[in-house]
Amino acid sequence: MNAFPEILFFQLANYGYPTSTRLILAGTSFNAKTFEQLFLHKLEFVKVRGCGDVFTLFPARLRQGLKNLEEVIVDSCKSLEEVFELGEADEGSSEEKELPLLSSLITLQLSKLPELKCIWKGPTKHVSFQSLAHLYLISLDKLTFIFTPSLAQSLPKLESLHISKCGELKNIIREENGEREIIPESPGFPKLKTIIIEKCGELEYVLPVSVSPSLLNLEKMQIFKAHNLKQIFYSGEGDALTTDGIIKFPRLSKLDLSSRSNYSFFGPKNFAAQLPSLQILEIDGHKELGNLSAQLQVRPLYSSNIFFPF
């Protein structure tokens, strides 16, 4: 403990430092240098709370350690601007042949980071979210997007997406400024079961409609207080739309659109959402309720609450 006086609390599981796979740090004054001194390439679990002077939690020089991470929790770090800095591998290095960065990450939870501008920064050529199952983003005041199209393509195991109080978030998937990516196919989320979005006042769109064919396991979608939302599923440039004009969600059982938003369509105009398993439907405060409800093809519901705006 004396070696790191600025840390109020730290734990290296089983006190097996430097072979431990778990790192927990909590304090108000520890900085990036302290974190790097404790960071090990074999770490699987990292929890950081209350960091004071850290702007990038995982700088590029620590990228080799990202391959074993399974769970990352970051909370109440007032200066943090980015979580992962992704540097390019040196040409001809063995790094290019090894496991992709972040390929073991299962759970990522970020909360109360008022200065966070991006989660991952830099080239994503050697990044894969092939194991990511749970993503929780809460009170990230300056975050404007989550994934680029290339990152969104590597989410085959994502099960839950929970976004709350991200006041500047405009899109979940978008291209970075100046980026011209060649995307061979549309993003897909075949394991996604839950989407919860609340209090994201600048959010304009949720997902491109080209993602919808992959959402065969989606069971619950809740959207609260997204006042600037234009469409949930939107048609982007190059999106491949179904020829029959139907977006199918075979397992969606609960749909709650209590957003008091101005958007009038669940998806693109002249398209319908087929919801054969829907049991609970709540729609609250939509000015163009007729257009919205006309797009929803449902069977008789177990529970339904539809409120017209005043």
# chains A, B, ... in the order shown; residues from 1 in each chain; ligands from 1

$ residues_around --residues "Phe129 of chain A" --least-positions-apart "3" --cutoff "7 Å" --atoms "only C-alpha atoms" --output "list in words"
Leu102, Ser103, Leu105, Leu132, Ser154 and Leu155 of chain A

$ closest_atom_pairs --of "segment 189-230 of chain A" --to "segment 276-285 of chain A" --cutoff "12 Å" --atoms "only C-alpha atoms" --output "Markdown table"
| residue | atom | partner | partner_atom | distance |
| --- | --- | --- | --- | --- |
| A:Leu216 | CA | A:Ser277 | CA | 11.4 |
| A:Asn217 | CA | A:Ser277 | CA | 11.2 |
| A:Leu218 | CA | A:Ser277 | CA | 10.6 |
| A:Glu219 | CA | A:Leu278 | CA | 8.7 |
| A:Lys220 | CA | A:Leu278 | CA | 9.3 |
| A:Met221 | CA | A:Leu281 | CA | 10.0 |
| A:Gln222 | CA | A:Glu282 | CA | 9.2 |
| A:Ile223 | CA | A:Ile283 | CA | 9.9 |
| A:Phe224 | CA | A:Asp284 | CA | 9.4 |
| A:Lys225 | CA | A:Gly285 | CA | 10.1 |
| A:Ala226 | CA | A:Gly285 | CA | 11.5 |
| A:His227 | CA | A:Gly285 | CA | 10.4 |

$ select_by_dssp --residues "segment 36-269 of chain A" --states "strand (DSSP E or B)" --output "VMD selection string"
chain A and resid 45 to 49 53 56 to 58 71 to 75 82 to 85 101 107 to 111 118 to 121 127 134 to 138 145 to 147 160 to 164 171 to 173 194 to 198 205 to 208 220 to 224 231 to 234 246 to 248 254 to 257 265

$ closest_residue --among "A:Leu80, A:Leu40, A:Leu110, A:Ala273" --to "Lys67 of chain A" --atoms "only C-alpha atoms"
A:Leu40

$ atom_distance --atom1 "atom CA of Gly245 of chain A" --atom2 "atom CA of Cys200 of chain A"
28.9 Å

$ atom_distance --atom1 "atom CA of Lys47 of chain A" --atom2 "atom CA of Ile138 of chain A"
15.5 Å

$ closest_atom_pairs --of "segment 125-145 of chain A" --to "segment 161-171 of chain A" --cutoff "6 Å" --atoms "only C-alpha atoms" --output "CSV"
residue,atom,partner,partner_atom,distance
A:Leu135,CA,A:Leu161,CA,5.2
A:Tyr136,CA,A:His162,CA,4.9
A:Leu137,CA,A:Ile163,CA,4.8
A:Ile138,CA,A:Ser164,CA,4.7
A:Ser139,CA,A:Lys165,CA,4.6
A:Leu140,CA,A:Cys166,CA,4.9
A:Asp141,CA,A:Cys166,CA,5.2
A:Lys142,CA,A:Glu168,CA,5.4
A:Leu143,CA,A:Leu169,CA,5.5
A:Thr144,CA,A:Leu169,CA,3.9
A:Phe145,CA,A:Asn171,CA,5.1

$ residues_around --residues "Ile246 of chain A" --least-positions-apart "2" --cutoff "10 Å" --atoms "only C-alpha atoms" --output "PyMOL selection string"
chain A and resi 212-213+241-244+248-249+267+270-274+295-297

$ residues_around --residues "Ala133 of chain A" --least-positions-apart "4" --cutoff "10 Å" --atoms "only C-alpha atoms" --output "PyMOL selection string"
chain A and resi 105-108+129+155-161+191-192

$ write_last_selection --atoms "N, CA, C and O atoms" --output "PDB file, in the first residue's frame"
ATOM      1  N   LEU A 105     -13.471  -9.494 -24.483  1.00  0.00           N
ATOM      2  CA  LEU A 105     -14.317  -8.639 -23.657  1.00  0.00           C
ATOM      3  C   LEU A 105     -15.771  -9.095 -23.705  1.00  0.00           C
ATOM      4  O   LEU A 105     -16.369  -9.188 -24.782  1.00  0.00           O
ATOM      5  N   ILE A 106     -16.350  -9.382 -22.524  1.00  0.00           N
ATOM      6  CA  ILE A 106     -17.732  -9.846 -22.418  1.00  0.00           C
ATOM      7  C   ILE A 106     -18.650  -8.734 -21.925  1.00  0.00           C
ATOM      8  O   ILE A 106     -19.749  -8.546 -22.443  1.00  0.00           O
ATOM      9  N   THR A 107     -18.200  -7.985 -20.916  1.00  0.00           N
ATOM     10  CA  THR A 107     -19.028  -6.944 -20.304  1.00  0.00           C
ATOM     11  C   THR A 107     -18.266  -5.632 -20.238  1.00  0.00           C
ATOM     12  O   THR A 107     -17.126  -5.594 -19.784  1.00  0.00           O
ATOM     13  N   LEU A 108     -18.907  -4.565 -20.691  1.00  0.00           N
ATOM     14  CA  LEU A 108     -18.342  -3.219 -20.580  1.00  0.00           C
ATOM     15  C   LEU A 108     -19.391  -2.323 -19.948  1.00  0.00           C
ATOM     16  O   LEU A 108     -20.509  -2.194 -20.459  1.00  0.00           O
ATOM     17  N   PHE A 129     -15.094  -7.361 -31.363  1.00  0.00           N
ATOM     18  CA  PHE A 129     -15.958  -7.536 -30.197  1.00  0.00           C
ATOM     19  C   PHE A 129     -16.692  -8.869 -30.290  1.00  0.00           C
ATOM     20  O   PHE A 129     -17.874  -8.973 -29.990  1.00  0.00           O
ATOM     21  N   LEU A 155     -20.144  -7.952 -33.614  1.00  0.00           N
ATOM     22  CA  LEU A 155     -20.906  -8.082 -32.375  1.00  0.00           C
ATOM     23  C   LEU A 155     -21.837  -9.301 -32.434  1.00  0.00           C
ATOM     24  O   LEU A 155     -23.043  -9.194 -32.183  1.00  0.00           O
ATOM     25  N   PRO A 156     -21.318 -10.473 -32.695  1.00  0.00           N
ATOM     26  CA  PRO A 156     -22.180 -11.647 -32.875  1.00  0.00           C
ATOM     27  C   PRO A 156     -22.813 -12.153 -31.588  1.00  0.00           C
ATOM     28  O   PRO A 156     -23.776 -12.924 -31.643  1.00  0.00           O
ATOM     29  N   LYS A 157     -22.301 -11.733 -30.394  1.00  0.00           N
ATOM     30  CA  LYS A 157     -22.813 -12.255 -29.138  1.00  0.00           C
ATOM     31  C   LYS A 157     -23.476 -11.201 -28.253  1.00  0.00           C
ATOM     32  O   LYS A 157     -23.851 -11.493 -27.124  1.00  0.00           O
ATOM     33  N   LEU A 158     -23.651  -9.999 -28.771  1.00  0.00           N
ATOM     34  CA  LEU A 158     -24.253  -8.942 -27.963  1.00  0.00           C
ATOM     35  C   LEU A 158     -25.683  -9.319 -27.583  1.00  0.00           C
ATOM     36  O   LEU A 158     -26.522  -9.580 -28.441  1.00  0.00           O
ATOM     37  N   GLU A 159     -25.967  -9.337 -26.253  1.00  0.00           N
ATOM     38  CA  GLU A 159     -27.274  -9.723 -25.740  1.00  0.00           C
ATOM     39  C   GLU A 159     -28.058  -8.547 -25.190  1.00  0.00           C
ATOM     40  O   GLU A 159     -29.279  -8.487 -25.335  1.00  0.00           O
ATOM     41  N   SER A 160     -27.392  -7.621 -24.520  1.00  0.00           N
ATOM     42  CA  SER A 160     -28.102  -6.507 -23.894  1.00  0.00           C
ATOM     43  C   SER A 160     -27.398  -5.192 -24.157  1.00  0.00           C
ATOM     44  O   SER A 160     -26.177  -5.093 -24.041  1.00  0.00           O
ATOM     45  N   LEU A 161     -28.193  -4.193 -24.514  1.00  0.00           N
ATOM     46  CA  LEU A 161     -27.695  -2.846 -24.769  1.00  0.00           C
ATOM     47  C   LEU A 161     -28.527  -1.893 -23.937  1.00  0.00           C
ATOM     48  O   LEU A 161     -29.735  -1.750 -24.139  1.00  0.00           O
ATOM     49  N   LYS A 191     -27.773 -12.220 -31.448  1.00  0.00           N
ATOM     50  CA  LYS A 191     -28.047 -12.643 -30.074  1.00  0.00           C
ATOM     51  C   LYS A 191     -28.726 -11.564 -29.237  1.00  0.00           C
ATOM     52  O   LYS A 191     -29.062 -11.804 -28.077  1.00  0.00           O
ATOM     53  N   LEU A 192     -28.951 -10.406 -29.810  1.00  0.00           N
ATOM     54  CA  LEU A 192     -29.467  -9.277 -29.032  1.00  0.00           C
ATOM     55  C   LEU A 192     -30.885  -9.565 -28.537  1.00  0.00           C
ATOM     56  O   LEU A 192     -31.789  -9.859 -29.328  1.00  0.00           O
TER      57      LEU A 192
END

$ residues_around --residues "Val54 of chain A" --least-positions-apart "2" --cutoff "9 Å" --atoms "only C-alpha atoms" --output "list in words"
Phe30, Asn31, Ala32, Lys33, Phe35, Cys51, Gly52, Thr56, Leu57, Cys77, Lys78, Ser79, Leu80 and Glu81 of chain A

$ write_last_selection --atoms "N, CA and C atoms" --output "PDB file, in the first residue's frame"
ATOM      1  N   PHE A  30      -5.513   9.210  -8.009  1.00  0.00           N
ATOM      2  CA  PHE A  30      -4.521   8.444  -8.751  1.00  0.00           C
ATOM      3  C   PHE A  30      -4.555   8.829 -10.221  1.00  0.00           C
ATOM      4  N   ASN A  31      -3.414   8.750 -10.873  1.00  0.00           N
ATOM      5  CA  ASN A  31      -3.283   9.230 -12.241  1.00  0.00           C
ATOM      6  C   ASN A  31      -2.935   8.101 -13.206  1.00  0.00           C
ATOM      7  N   ALA A  32      -2.709   8.481 -14.477  1.00  0.00           N
ATOM      8  CA  ALA A  32      -2.450   7.489 -15.510  1.00  0.00           C
ATOM      9  C   ALA A  32      -1.183   6.682 -15.240  1.00  0.00           C
ATOM     10  N   LYS A  33      -0.161   7.323 -14.711  1.00  0.00           N
ATOM     11  CA  LYS A  33       1.090   6.627 -14.414  1.00  0.00           C
ATOM     12  C   LYS A  33       0.866   5.526 -13.389  1.00  0.00           C
ATOM     13  N   PHE A  35      -1.920   3.919 -12.828  1.00  0.00           N
ATOM     14  CA  PHE A  35      -2.675   2.842 -13.468  1.00  0.00           C
ATOM     15  C   PHE A  35      -1.755   1.956 -14.300  1.00  0.00           C
ATOM     16  N   CYS A  51     -11.207   8.006 -10.646  1.00  0.00           N
ATOM     17  CA  CYS A  51      -9.891   8.475 -11.079  1.00  0.00           C
ATOM     18  C   CYS A  51      -9.961   9.980 -11.326  1.00  0.00           C
ATOM     19  N   GLY A  52      -8.898  10.684 -10.938  1.00  0.00           N
ATOM     20  CA  GLY A  52      -8.939  12.130 -11.008  1.00  0.00           C
ATOM     21  C   GLY A  52      -8.293  12.741 -12.233  1.00  0.00           C
ATOM     22  N   THR A  56      -7.001   9.142 -20.751  1.00  0.00           N
ATOM     23  CA  THR A  56      -7.143   7.911 -21.527  1.00  0.00           C
ATOM     24  C   THR A  56      -6.846   6.754 -20.593  1.00  0.00           C
ATOM     25  N   LEU A  57      -7.819   5.883 -20.380  1.00  0.00           N
ATOM     26  CA  LEU A  57      -7.610   4.816 -19.411  1.00  0.00           C
ATOM     27  C   LEU A  57      -6.659   3.750 -19.937  1.00  0.00           C
ATOM     28  N   CYS A  77     -15.217   8.945 -13.188  1.00  0.00           N
ATOM     29  CA  CYS A  77     -13.888   9.484 -13.527  1.00  0.00           C
ATOM     30  C   CYS A  77     -14.108  10.807 -14.255  1.00  0.00           C
ATOM     31  N   LYS A  78     -13.918  11.893 -13.554  1.00  0.00           N
ATOM     32  CA  LYS A  78     -14.374  13.203 -14.017  1.00  0.00           C
ATOM     33  C   LYS A  78     -13.610  13.754 -15.208  1.00  0.00           C
ATOM     34  N   SER A  79     -12.365  13.287 -15.446  1.00  0.00           N
ATOM     35  CA  SER A  79     -11.558  13.844 -16.530  1.00  0.00           C
ATOM     36  C   SER A  79     -11.433  12.913 -17.738  1.00  0.00           C
ATOM     37  N   LEU A  80     -11.927  11.709 -17.641  1.00  0.00           N
ATOM     38  CA  LEU A  80     -11.711  10.713 -18.685  1.00  0.00           C
ATOM     39  C   LEU A  80     -12.377  11.132 -19.992  1.00  0.00           C
ATOM     40  N   GLU A  81     -11.595  11.147 -21.079  1.00  0.00           N
ATOM     41  CA  GLU A  81     -12.104  11.542 -22.389  1.00  0.00           C
ATOM     42  C   GLU A  81     -12.240  10.359 -23.343  1.00  0.00           C
TER      43      GLU A  81
END

$ select_by_dssp --residues "segment 43-267 of chain A" --states "helix (DSSP H, G or I)" --output "list of chain:residue names"
A:Ala60, A:Arg61, A:Leu62, A:Arg63, A:Gln64, A:Gly65, A:Leu66, A:Lys67, A:Ser94, A:Glu95, A:Glu96, A:Lys97, A:Pro149, A:Ser150, A:Leu151, A:Ala152, A:Val209, A:Ser210, A:Val211, A:Ser212, A:Pro213, A:Ser214

$ write_last_selection --atoms "C-alpha atoms" --output "short mmCIF file (atom, residue, chain, number, x, y, z; two decimals), in the first residue's frame"
data_model
loop_
_atom_site.label_atom_id
_atom_site.label_comp_id
_atom_site.auth_asym_id
_atom_site.auth_seq_id
_atom_site.Cartn_x
_atom_site.Cartn_y
_atom_site.Cartn_z
CA ALA A 60 -2.07 2.54 -27.09
CA ARG A 61 1.12 1.38 -25.37
CA LEU A 62 -1.03 -0.94 -23.22
CA ARG A 63 -2.95 -2.42 -26.15
CA GLN A 64 -1.35 -5.85 -25.81
CA GLY A 65 -3.13 -6.17 -22.47
CA LEU A 66 -6.54 -5.69 -24.08
CA LYS A 67 -6.61 -9.21 -25.49
CA SER A 94 3.88 -10.62 -34.50
CA GLU A 95 1.03 -8.52 -33.10
CA GLU A 96 -0.73 -8.60 -36.46
CA LYS A 97 -0.97 -12.40 -36.27
CA PRO A 149 -19.88 0.60 -39.00
CA SER A 150 -16.77 -1.60 -38.95
CA LEU A 151 -16.92 -2.06 -35.17
CA ALA A 152 -20.64 -2.82 -35.32
CA VAL A 209 -33.13 -1.00 -40.97
CA SER A 210 -30.61 -3.32 -42.60
CA VAL A 211 -29.84 -4.64 -39.10
CA SER A 212 -33.42 -5.78 -38.53
CA PRO A 213 -33.17 -9.17 -40.31
CA SER A 214 -30.57 -10.21 -37.72
#

$ residues_around --residues "Val83 of chain A" --least-positions-apart "2" --cutoff "9 Å" --atoms "only C-alpha atoms" --output "list in words"
Phe55, Thr56, Leu57, Phe58, Pro59, Val74, Leu80, Glu81, Glu85, Leu116, Cys118, Ile119, Trp120 and Lys121 of chain A

$ atom_distance --atom1 "atom CA of Glu44 of chain A" --atom2 "atom CA of Leu99 of chain A"
14.7 Å

$ residues_around --residues "Lys42 of chain A" --least-positions-apart "6" --cutoff "8 Å" --atoms "only C-alpha atoms" --output "ChimeraX atom specification"
/A:19-21,65,68-69

$ write_last_selection --atoms "C-alpha atoms" --output "CSV table (one decimal), in the first residue's frame"
chain,number,residue,atom,x,y,z
A,19,THR,CA,0.2,-12.7,-11.6
A,20,SER,CA,-3.3,-11.6,-10.6
A,21,THR,CA,-6.0,-11.4,-13.3
A,65,GLY,CA,-3.1,-6.2,-22.5
A,68,ASN,CA,-7.4,-10.9,-22.2
A,69,LEU,CA,-9.8,-8.4,-20.7
